[in-house]
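Enquirer: You'll find data-v6.pdb just under this line, and it carries PDB, C-alpha atoms.
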ATOM      1  CA  MET A   1     187.013-141.006 -96.206  1.00  0.00           C
ATOM      2  CA  GLU A   2     184.952-139.643 -99.134  1.00  0.00           C
ATOM      3  CA  ILE A   3     186.483-136.208 -98.626  1.00  0.00           C
ATOM      4  CA  ILE A   4     189.940-137.668 -99.306  1.00  0.00           C
ATOM      5  CA  LYS A   5     188.766-139.213-102.572  1.00  0.00           C
ATOM      6  CA  LYS A   6     187.105-135.908-103.505  1.00  0.00           C
ATOM      7  CA  TYR A   7     190.422-134.041-103.505  1.00  0.00           C
ATOM      8  CA  PHE A   8     192.717-136.957-104.352  1.00  0.00           C
ATOM      9  CA  PRO A   9     190.776-138.943-106.968  1.00  0.00           C
ATOM     10  CA  ASN A  10     193.739-140.940-108.296  1.00  0.00           C
ATOM     11  CA  LEU A  11     194.483-143.054-105.240  1.00  0.00           C
ATOM     12  CA  THR A  12     195.372-146.726-105.707  1.00  0.00           C
ATOM     13  CA  GLU A  13     193.283-149.464-104.092  1.00  0.00           C
ATOM     14  CA  LYS A  14     196.021-149.978-101.526  1.00  0.00           C
ATOM     15  CA  GLN A  15     196.066-146.276-100.631  1.00  0.00           C
ATOM     16  CA  ILE A  16     192.272-146.245-100.265  1.00  0.00           C
ATOM     17  CA  GLU A  17     192.483-149.261 -97.935  1.00  0.00           C
ATOM     18  CA  GLN A  18     195.198-147.579 -95.866  1.00  0.00           C
ATOM     19  CA  PHE A  19     193.316-144.303 -95.555  1.00  0.00           C
ATOM     20  CA  SER A  20     190.088-146.144 -94.767  1.00  0.00           C
ATOM     21  CA  ALA A  21     191.748-148.014 -91.888  1.00  0.00           C
ATOM     22  CA  LEU A  22     192.855-144.840 -90.114  1.00  0.00           C
ATOM     23  CA  TYR A  23     189.536-143.983 -88.461  1.00  0.00           C
ATOM     24  CA  ASP A  24     189.141-147.201 -86.465  1.00  0.00           C
ATOM     25  CA  LEU A  25     192.833-147.231 -85.536  1.00  0.00           C
ATOM     26  CA  TYR A  26     192.809-143.681 -84.198  1.00  0.00           C
ATOM     27  CA  LEU A  27     189.446-144.190 -82.500  1.00  0.00           C
ATOM     28  CA  ASP A  28     190.862-147.214 -80.689  1.00  0.00           C
ATOM     29  CA  TRP A  29     194.120-145.507 -79.699  1.00  0.00           C
ATOM     30  CA  ASN A  30     192.336-142.331 -78.654  1.00  0.00           C
ATOM     31  CA  GLY A  31     190.474-144.350 -76.050  1.00  0.00           C
ATOM     32  CA  LYS A  32     193.839-145.183 -74.443  1.00  0.00           C
ATOM     33  CA  ILE A  33     196.009-142.158 -75.238  1.00  0.00           C
ATOM     34  CA  ASN A  34     194.491-138.814 -76.136  1.00  0.00           C
ATOM     35  CA  VAL A  35     196.298-137.936 -79.377  1.00  0.00           C
ATOM     36  CA  ILE A  36     193.321-136.192 -81.015  1.00  0.00           C
ATOM     37  CA  SER A  37     190.739-134.127 -79.162  1.00  0.00           C
ATOM     38  CA  ARG A  38     187.893-136.504 -78.290  1.00  0.00           C
ATOM     39  CA  LYS A  39     185.388-134.012 -79.722  1.00  0.00           C
ATOM     40  CA  ASP A  40     187.357-133.933 -82.961  1.00  0.00           C
ATOM     41  CA  ILE A  41     187.799-137.643 -83.702  1.00  0.00           C
ATOM     42  CA  GLU A  42     184.635-137.618 -85.845  1.00  0.00           C
ATOM     43  CA  ASN A  43     186.346-135.039 -88.047  1.00  0.00           C
ATOM     44  CA  LEU A  44     189.491-137.122 -88.455  1.00  0.00           C
ATOM     45  CA  TYR A  45     189.456-137.131 -92.259  1.00  0.00           C
ATOM     46  CA  GLU A  46     188.759-133.433 -92.745  1.00  0.00           C
ATOM     47  CA  HIS A  47     190.625-131.861 -89.825  1.00  0.00           C
ATOM     48  CA  HIS A  48     193.626-134.182 -89.649  1.00  0.00           C
ATOM     49  CA  VAL A  49     194.092-136.375 -92.734  1.00  0.00           C
ATOM     50  CA  LEU A  50     193.086-133.869 -95.429  1.00  0.00           C
ATOM     51  CA  HIS A  51     194.780-131.053 -93.528  1.00  0.00           C
ATOM     52  CA  SER A  52     198.010-133.096 -93.586  1.00  0.00           C
ATOM     53  CA  LEU A  53     197.607-133.848 -97.294  1.00  0.00           C
ATOM     54  CA  SER A  54     197.345-130.137 -98.111  1.00  0.00           C
ATOM     55  CA  ILE A  55     201.152-130.170 -98.260  1.00  0.00           C
ATOM     56  CA  ALA A  56     200.823-132.305-101.402  1.00  0.00           C
ATOM     57  CA  LYS A  57     198.825-129.515-103.100  1.00  0.00           C
ATOM     58  CA  VAL A  58     201.916-127.306-102.914  1.00  0.00           C
ATOM     59  CA  LEU A  59     204.719-129.844-103.137  1.00  0.00           C
ATOM     60  CA  SER A  60     204.460-133.264-104.749  1.00  0.00           C
ATOM     61  CA  PHE A  61     207.449-135.054-103.251  1.00  0.00           C
ATOM     62  CA  ARG A  62     209.536-136.906-105.822  1.00  0.00           C
ATOM     63  CA  PRO A  63     210.696-140.490-105.211  1.00  0.00           C
ATOM     64  CA  ASN A  64     213.529-140.924-102.689  1.00  0.00           C
ATOM     65  CA  THR A  65     212.837-137.606-100.964  1.00  0.00           C
ATOM     66  CA  SER A  66     213.523-137.775 -97.216  1.00  0.00           C
ATOM     67  CA  ILE A  67     211.241-135.863 -94.853  1.00  0.00           C
ATOM     68  CA  MET A  68     211.303-135.335 -91.087  1.00  0.00           C
ATOM     69  CA  ASP A  69     208.030-134.608 -89.248  1.00  0.00           C
ATOM     70  CA  VAL A  70     208.805-132.521 -86.160  1.00  0.00           C
ATOM     71  CA  GLY A  71     206.367-132.903 -83.256  1.00  0.00           C
ATOM     72  CA  THR A  72     204.376-135.519 -85.131  1.00  0.00           C
ATOM     73  CA  GLY A  73     202.030-136.324 -82.234  1.00  0.00           C
ATOM     74  CA  GLY A  74     199.941-139.276 -83.393  1.00  0.00           C
ATOM     75  CA  GLY A  75     201.455-139.138 -86.879  1.00  0.00           C
ATOM     76  CA  PHE A  76     200.276-135.946 -88.556  1.00  0.00           C
ATOM     77  CA  PRO A  77     201.109-134.799 -91.139  1.00  0.00           C
ATOM     78  CA  ALA A  78     203.568-137.638 -91.857  1.00  0.00           C
ATOM     79  CA  ILE A  79     201.341-140.748 -91.922  1.00  0.00           C
ATOM     80  CA  PRO A  80     198.818-139.445 -94.497  1.00  0.00           C
ATOM     81  CA  LEU A  81     201.726-138.171 -96.624  1.00  0.00           C
ATOM     82  CA  ALA A  82     203.561-141.499 -96.280  1.00  0.00           C
ATOM     83  CA  ILE A  83     200.464-143.219 -97.694  1.00  0.00           C
ATOM     84  CA  LEU A  84     200.319-140.739-100.570  1.00  0.00           C
ATOM     85  CA  PHE A  85     204.059-140.864-101.338  1.00  0.00           C
ATOM     86  CA  PRO A  86     205.127-144.504-100.802  1.00  0.00           C
ATOM     87  CA  GLU A  87     208.477-143.961-102.570  1.00  0.00           C
ATOM     88  CA  CYS A  88     209.562-141.269-100.085  1.00  0.00           C
ATOM     89  CA  HIS A  89     210.851-141.795 -96.560  1.00  0.00           C
ATOM     90  CA  PHE A  90     209.261-140.105 -93.533  1.00  0.00           C
ATOM     91  CA  HIS A  91     211.009-139.867 -90.167  1.00  0.00           C
ATOM     92  CA  LEU A  92     208.569-139.048 -87.355  1.00  0.00           C
ATOM     93  CA  VAL A  93     209.943-137.307 -84.262  1.00  0.00           C
ATOM     94  CA  ASP A  94     208.207-136.388 -81.020  1.00  0.00           C
ATOM     95  CA  SER A  95     209.419-135.661 -77.506  1.00  0.00           C
ATOM     96  CA  ILE A  96     206.472-137.574 -75.991  1.00  0.00           C
ATOM     97  CA  GLY A  97     207.079-141.319 -76.096  1.00  0.00           C
ATOM     98  CA  LYS A  98     203.454-142.439 -75.941  1.00  0.00           C
ATOM     99  CA  LYS A  99     202.600-140.352 -79.019  1.00  0.00           C
ATOM    100  CA  ILE A 100     205.430-141.953 -80.990  1.00  0.00           C
ATOM    101  CA  LYS A 101     204.085-145.326 -79.844  1.00  0.00           C
ATOM    102  CA  VAL A 102     200.666-144.493 -81.373  1.00  0.00           C
ATOM    103  CA  ALA A 103     202.165-143.280 -84.652  1.00  0.00           C
ATOM    104  CA  ASN A 104     204.396-146.355 -84.902  1.00  0.00           C
ATOM    105  CA  SER A 105     201.494-148.717 -84.187  1.00  0.00           C
ATOM    106  CA  VAL A 106     199.202-147.045 -86.765  1.00  0.00           C
ATOM    107  CA  SER A 107     201.981-147.154 -89.356  1.00  0.00           C
ATOM    108  CA  GLU A 108     202.570-150.866 -88.741  1.00  0.00           C
ATOM    109  CA  ALA A 109     198.853-151.664 -88.776  1.00  0.00           C
ATOM    110  CA  ILE A 110     198.370-150.200 -92.268  1.00  0.00           C
ATOM    111  CA  GLY A 111     201.586-151.731 -93.599  1.00  0.00           C
ATOM    112  CA  LEU A 112     203.699-148.636 -94.197  1.00  0.00           C
ATOM    113  CA  SER A 113     207.315-149.524 -94.976  1.00  0.00           C
ATOM    114  CA  ASN A 114     208.521-145.957 -95.589  1.00  0.00           C
ATOM    115  CA  THR A 115     208.365-144.589 -92.038  1.00  0.00           C
ATOM    116  CA  SER A 116     210.783-144.501 -89.108  1.00  0.00           C
ATOM    117  CA  PHE A 117     210.283-143.153 -85.591  1.00  0.00           C
ATOM    118  CA  GLN A 118     212.345-141.377 -82.963  1.00  0.00           C
ATOM    119  CA  HIS A 119     211.393-140.419 -79.425  1.00  0.00           C
ATOM    120  CA  ALA A 120     213.493-137.259 -79.089  1.00  0.00           C
ATOM    121  CA  ARG A 121     213.521-133.498 -78.965  1.00  0.00           C
ATOM    122  CA  VAL A 122     214.308-132.057 -82.383  1.00  0.00           C
ATOM    123  CA  GLU A 123     217.399-130.358 -80.887  1.00  0.00           C
ATOM    124  CA  ASP A 124     218.897-133.825 -80.418  1.00  0.00           C
ATOM    125  CA  VAL A 125     218.237-135.090 -83.960  1.00  0.00           C
ATOM    126  CA  LYS A 126     221.429-134.841 -86.022  1.00  0.00           C
ATOM    127  CA  THR A 127     220.353-136.539 -89.268  1.00  0.00           C
ATOM    128  CA  LYS A 128     219.855-134.501 -92.439  1.00  0.00           C
ATOM    129  CA  PHE A 129     216.707-134.602 -94.612  1.00  0.00           C
ATOM    130  CA  ASP A 130     215.471-132.931 -97.766  1.00  0.00           C
ATOM    131  CA  PHE A 131     212.456-131.389 -96.043  1.00  0.00           C
ATOM    132  CA  ILE A 132     211.139-130.690 -92.563  1.00  0.00           C
ATOM    133  CA  ILE A 133     207.357-130.773 -92.096  1.00  0.00           C
ATOM    134  CA  SER A 134     205.261-129.882 -89.068  1.00  0.00           C
ATOM    135  CA  ARG A 135     201.741-129.015 -88.013  1.00  0.00           C
ATOM    136  CA  ALA A 136     201.167-126.197 -85.495  1.00  0.00           C
ATOM    137  CA  VAL A 137     204.124-127.242 -83.343  1.00  0.00           C
ATOM    138  CA  MET A 138     205.864-123.992 -82.377  1.00  0.00           C
ATOM    139  CA  PRO A 139     206.465-120.410 -83.589  1.00  0.00           C
ATOM    140  CA  LEU A 140     208.147-120.240 -86.986  1.00  0.00           C
ATOM    141  CA  ASP A 141     211.372-118.589 -85.791  1.00  0.00           C
ATOM    142  CA  ASN A 142     211.942-121.389 -83.239  1.00  0.00           C
ATOM    143  CA  LEU A 143     211.180-124.055 -85.819  1.00  0.00           C
ATOM    144  CA  VAL A 144     213.620-122.569 -88.318  1.00  0.00           C
ATOM    145  CA  LYS A 145     216.350-122.224 -85.684  1.00  0.00           C
ATOM    146  CA  LEU A 146     215.979-125.802 -84.470  1.00  0.00           C
ATOM    147  CA  THR A 147     215.718-127.510 -87.863  1.00  0.00           C
ATOM    148  CA  LYS A 148     218.144-125.594 -90.093  1.00  0.00           C
ATOM    149  CA  LYS A 149     220.894-128.059 -89.140  1.00  0.00           C
ATOM    150  CA  ASN A 150     218.724-130.957 -90.377  1.00  0.00           C
ATOM    151  CA  VAL A 151     218.180-129.823 -93.974  1.00  0.00           C
ATOM    152  CA  ASP A 152     220.443-131.120 -96.724  1.00  0.00           C
ATOM    153  CA  ILE A 153     220.812-128.119 -99.025  1.00  0.00           C
ATOM    154  CA  LYS A 154     223.071-129.922-101.515  1.00  0.00           C
ATOM    155  CA  ASN A 155     220.805-132.737-102.624  1.00  0.00           C
ATOM    156  CA  GLN A 156     218.000-130.944-104.512  1.00  0.00           C
ATOM    157  CA  LYS A 157     215.420-133.022-106.391  1.00  0.00           C
ATOM    158  CA  ASN A 158     212.001-131.371-105.938  1.00  0.00           C
ATOM    159  CA  SER A 159     210.112-128.460-107.497  1.00  0.00           C
ATOM    160  CA  LEU A 160     210.882-126.287-104.442  1.00  0.00           C
ATOM    161  CA  PRO A 161     214.343-125.993-102.880  1.00  0.00           C
ATOM    162  CA  ASN A 162     214.839-128.102 -99.746  1.00  0.00           C
ATOM    163  CA  GLY A 163     213.509-126.464 -96.612  1.00  0.00           C
ATOM    164  CA  LEU A 164     210.620-126.300 -94.169  1.00  0.00           C
ATOM    165  CA  VAL A 165     206.910-126.817 -94.875  1.00  0.00           C
ATOM    166  CA  CYS A 166     204.558-126.197 -91.965  1.00  0.00           C
ATOM    167  CA  LEU A 167     200.819-126.002 -91.447  1.00  0.00           C
ATOM    168  CA  LYS A 168     199.539-123.135 -89.346  1.00  0.00           C
ATOM    169  CA  GLY A 169     196.372-121.195 -88.615  1.00  0.00           C
ATOM    170  CA  GLY A 170     195.356-117.582 -88.109  1.00  0.00           C
ATOM    171  CA  GLU A 171     197.230-114.368 -88.856  1.00  0.00           C
ATOM    172  CA  LEU A 172     200.828-115.117 -89.790  1.00  0.00           C
ATOM    173  CA  GLN A 173     202.171-111.934 -91.370  1.00  0.00           C
ATOM    174  CA  GLN A 174     204.128-110.936 -88.238  1.00  0.00           C
ATOM    175  CA  GLU A 175     205.417-114.471 -87.740  1.00  0.00           C
ATOM    176  CA  ILE A 176     206.829-114.772 -91.239  1.00  0.00           C
ATOM    177  CA  LEU A 177     208.169-111.179 -91.351  1.00  0.00           C
ATOM    178  CA  PRO A 178     211.755-112.149 -90.381  1.00  0.00           C
ATOM    179  CA  PHE A 179     211.735-114.703 -93.242  1.00  0.00           C
ATOM    180  CA  ARG A 180     209.966-112.619 -95.883  1.00  0.00           C
ATOM    181  CA  LYS A 181     212.732-113.192 -98.444  1.00  0.00           C
ATOM    182  CA  GLU A 182     212.767-116.973 -97.946  1.00  0.00           C
ATOM    183  CA  ALA A 183     209.098-117.622 -97.061  1.00  0.00           C
ATOM    184  CA  SER A 184     205.992-118.279 -99.151  1.00  0.00           C
ATOM    185  CA  LEU A 185     202.445-118.483 -97.825  1.00  0.00           C
ATOM    186  CA  TRP A 186     199.425-120.365 -99.222  1.00  0.00           C
ATOM    187  CA  ASP A 187     195.792-120.181 -98.071  1.00  0.00           C
ATOM    188  CA  LEU A 188     194.405-123.722 -97.827  1.00  0.00           C
ATOM    189  CA  SER A 189     190.982-122.347 -98.789  1.00  0.00           C
ATOM    190  CA  ASP A 190     192.448-122.045-102.312  1.00  0.00           C
ATOM    191  CA  PHE A 191     192.578-125.854-102.433  1.00  0.00           C
ATOM    192  CA  PHE A 192     189.649-126.980-100.249  1.00  0.00           C
ATOM    193  CA  GLU A 193     186.137-125.539-100.050  1.00  0.00           C
ATOM    194  CA  GLU A 194     185.273-126.689 -96.507  1.00  0.00           C
ATOM    195  CA  GLU A 195     184.852-123.964 -93.860  1.00  0.00           C
ATOM    196  CA  PHE A 196     187.525-125.538 -91.638  1.00  0.00           C
ATOM    197  CA  PHE A 197     190.214-124.423 -94.103  1.00  0.00           C
ATOM    198  CA  LEU A 198     189.251-120.728 -94.206  1.00  0.00           C
ATOM    199  CA  THR A 199     191.823-119.797 -91.549  1.00  0.00           C
ATOM    200  CA  LYS A 200     194.395-122.489 -92.336  1.00  0.00           C
ATOM    201  CA  LYS A 201     197.648-121.741 -94.106  1.00  0.00           C
ATOM    202  CA  LEU A 202     200.767-123.441 -95.384  1.00  0.00           C
ATOM    203  CA  VAL A 203     204.149-121.777 -94.855  1.00  0.00           C
ATOM    204  CA  TYR A 204     207.233-122.741 -96.852  1.00  0.00           C
ATOM    205  CA  VAL A 205     210.706-121.496 -95.937  1.00  0.00           C
ATOM    206  CA  SER A 206     213.697-122.269 -98.157  1.00  0.00           C
ATOM    207  CA  TYR A 207     216.947-122.920 -96.280  1.00  0.00           C
TER     208      TYR A 207
END
Can you give me the file's structure in the form of structure tokens?
Expert:
Amino acid sequence: MEIIKKYFPNLTEKQIEQFSALYDLYLDWNGKINVISRKDIENLYEHHVLHSLSIAKVLSFRPNTSIMDVGTGGGFPAIPLAILFPECHFHLVDSIGKKIKVANSVSEAIGLSNTSFQHARVEDVKTKFDFIISRAVMPLDNLVKLTKKNVDIKNQKNSLPNGLVCLKGGELQQEILPFRKEASLWDLSDFFEEEFFLTKKLVYVSY
């Protein structure tokens, strides 16, 4: 939890309580449903929570922004971002029902009122949002194809135009090549000094 305070020093008491509760909740759920690698649960705050919050280093969502998390798994990156941005709404989507169950339960346990959940494939989601977020779900071209219909390009209110923000690792130059005019790339090592972030990147694509 200290690593979250290190990079986000202005959290409220409520946010600190919510972040602090995540470890025990995910530890408990992981014993029943494997949503995080069992070897990795000890690194929950660095590898999952802080990694999710890296989106906030590039884009600070303004109040009333709507965001869909595609392939949320156990709730990443949406749940940490929902804690950080309580005046925004996060819609968490996953095609695996038991993962949505975990995310929903964690959200309820920490008292989030700005989240909603849908057990579905993203192809079947018709609603529009300001932004799509995801973490290592699928190749960028597939993600863009499947989510373009879900972005509201008329209702602009943030510092970046509405679009897609995704967290990825490794060499991405080839993957973003088809979107070079619309895409921007950030190295997460520019924001965080931990070794884990050396190969991690954030990709933004405007729609």
Enquirer: Kindly give the distance, in Å, that separates atom CA of A:Gln18 and atom CA of A:Thr199, rounded to a single decimal.
Expert: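 Straight-line distance from atom CA of A:Gln18 to atom CA of A:Thr199 works out to 28.3 Å.
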Enquirer: For the provided coordinates, the residues matched by the PyMOL selection byres ((chain A and resi 152) around 12) should be stated as a ChimeraX atom specification.
Expert: /A:65-68,126-132,147-151,153-157,161-164,206-207
Enquirer: Nearest to A:Gly71: which of A:Val49, A:Pro86, A:Val122, A:Gly31 is it, counting only C-alpha atoms?
Expert: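 Of A:Val49, A:Pro86, A:Val122, A:Gly31, the one nearest A:Gly71, counting only C-alpha atoms, is A:Val122.
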Enquirer: Return as a PyMOL selection string the set of residues that the PyMOL selection byres ((chain A and resi 107) around 12) yields on the displayed structure.
Expert: chain A and resi 18-19+21-22+25-26+74-76+78-83+90-92+100-106+108-117
Enquirer: For this structure, which residues satisfy the selection - the PyMOL selection byres ((chain A and resi 203) around 12) - when it is evaluated on the file as given? I want them as a PDB file with C-alpha atoms, in the frame of the given file.
Expert:
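Dumped everything to result33.pdb:
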ATOM      1  CA  SER A  54     197.345-130.137 -98.111  1.00  0.00           C
ATOM      2  CA  ILE A  55     201.152-130.170 -98.260  1.00  0.00           C
ATOM      3  CA  VAL A  58     201.916-127.306-102.914  1.00  0.00           C
ATOM      4  CA  LEU A  59     204.719-129.844-103.137  1.00  0.00           C
ATOM      5  CA  ILE A 132     211.139-130.690 -92.563  1.00  0.00           C
ATOM      6  CA  ILE A 133     207.357-130.773 -92.096  1.00  0.00           C
ATOM      7  CA  SER A 134     205.261-129.882 -89.068  1.00  0.00           C
ATOM      8  CA  ARG A 135     201.741-129.015 -88.013  1.00  0.00           C
ATOM      9  CA  ALA A 136     201.167-126.197 -85.495  1.00  0.00           C
ATOM     10  CA  PRO A 139     206.465-120.410 -83.589  1.00  0.00           C
ATOM     11  CA  LEU A 140     208.147-120.240 -86.986  1.00  0.00           C
ATOM     12  CA  LEU A 143     211.180-124.055 -85.819  1.00  0.00           C
ATOM     13  CA  VAL A 144     213.620-122.569 -88.318  1.00  0.00           C
ATOM     14  CA  GLY A 163     213.509-126.464 -96.612  1.00  0.00           C
ATOM     15  CA  LEU A 164     210.620-126.300 -94.169  1.00  0.00           C
ATOM     16  CA  VAL A 165     206.910-126.817 -94.875  1.00  0.00           C
ATOM     17  CA  CYS A 166     204.558-126.197 -91.965  1.00  0.00           C
ATOM     18  CA  LEU A 167     200.819-126.002 -91.447  1.00  0.00           C
ATOM     19  CA  LYS A 168     199.539-123.135 -89.346  1.00  0.00           C
ATOM     20  CA  GLY A 169     196.372-121.195 -88.615  1.00  0.00           C
ATOM     21  CA  GLY A 170     195.356-117.582 -88.109  1.00  0.00           C
ATOM     22  CA  GLU A 171     197.230-114.368 -88.856  1.00  0.00           C
ATOM     23  CA  LEU A 172     200.828-115.117 -89.790  1.00  0.00           C
ATOM     24  CA  GLN A 173     202.171-111.934 -91.370  1.00  0.00           C
ATOM     25  CA  GLU A 175     205.417-114.471 -87.740  1.00  0.00           C
ATOM     26  CA  ILE A 176     206.829-114.772 -91.239  1.00  0.00           C
ATOM     27  CA  LEU A 177     208.169-111.179 -91.351  1.00  0.00           C
ATOM     28  CA  PHE A 179     211.735-114.703 -93.242  1.00  0.00           C
ATOM     29  CA  ARG A 180     209.966-112.619 -95.883  1.00  0.00           C
ATOM     30  CA  GLU A 182     212.767-116.973 -97.946  1.00  0.00           C
ATOM     31  CA  ALA A 183     209.098-117.622 -97.061  1.00  0.00           C
ATOM     32  CA  SER A 184     205.992-118.279 -99.151  1.00  0.00           C
ATOM     33  CA  LEU A 185     202.445-118.483 -97.825  1.00  0.00           C
ATOM     34  CA  TRP A 186     199.425-120.365 -99.222  1.00  0.00           C
ATOM     35  CA  ASP A 187     195.792-120.181 -98.071  1.00  0.00           C
ATOM     36  CA  LEU A 188     194.405-123.722 -97.827  1.00  0.00           C
ATOM     37  CA  LYS A 200     194.395-122.489 -92.336  1.00  0.00           C
ATOM     38  CA  LYS A 201     197.648-121.741 -94.106  1.00  0.00           C
ATOM     39  CA  LEU A 202     200.767-123.441 -95.384  1.00  0.00           C
ATOM     40  CA  TYR A 204     207.233-122.741 -96.852  1.00  0.00           C
ATOM     41  CA  VAL A 205     210.706-121.496 -95.937  1.00  0.00           C
ATOM     42  CA  SER A 206     213.697-122.269 -98.157  1.00  0.00           C
TER      43      SER A 206
END
Enquirer: From the list A:Gln174, A:Ser159, A:Ser95, A:Thr72, which residue is nearest A:Ala56 when using all atoms listed in the file?
Expert: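 Once distances to A:Ala56 are computed over all atoms listed in the file, the minimum belongs to A:Ser159.
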Enquirer: Quick one: distance from atom CA of A:Asn158 to atom CA of A:Cys88 in Å, one decimal?
Expert: 11.8 Å
Enquirer: Neighbouring residues of A:Leu44 were defined as those with any atom within 10 Å, considering all atoms listed in the file; residues of the same chain fewer than 5 positions away were excluded. Please report them as a PyMOL selection string.
Expert: chain A and resi 1+22-23+26-27+36-37+49-51
Enquirer: Could you tell me how far atom CA of A:Tyr7 lies from atom CA of A:Asp69, in Å and to one decimal?
Expert: 22.7 Å
Enquirer: Of the candidates A:Asn30, A:Lys145, A:Asp190, A:Pro9, which shows the shortest atom-to-atom distance to A:Glu42, using only C-alpha atoms?
Expert: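 Smallest separation from A:Glu42 among the options: A:Asn30.
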Enquirer: For each of A:Arg62, A:His47, A:His89, A:Lys57, take the minimum atom-to-atom distance to A:Ile3, counting only C-alpha atoms, then give the residue where this is smallest.
Expert: A:His47
Enquirer: Could you give me the centre and size, in Å to one decimal, of an axis-aligned box around all listed atoms of stretch 174-192 of chain A with 6 Å added on every side, as AutoDock Vina command-line options?
Expert:
--center_x 201.2 --center_y -119.0 --center_z -95.1 --size_x 35.1 --size_y 28.0 --size_z 26.7
Enquirer: Have a look at A:Glu87, A:Glu194, A:Glu13, A:Asp141 and name the one nearest to A:Pro178; count only C-alpha atoms.
Expert: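 Checking each of A:Glu87, A:Glu194, A:Glu13, A:Asp141 against A:Pro178, counting only C-alpha atoms, the winner is A:Asp141.
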Enquirer: Given all atoms listed in the file as the basis, pick out the residue of A:Glu17, A:Phe196, A:Lys99, A:Ser189 nearest to A:Lys32.
Expert: A:Lys99
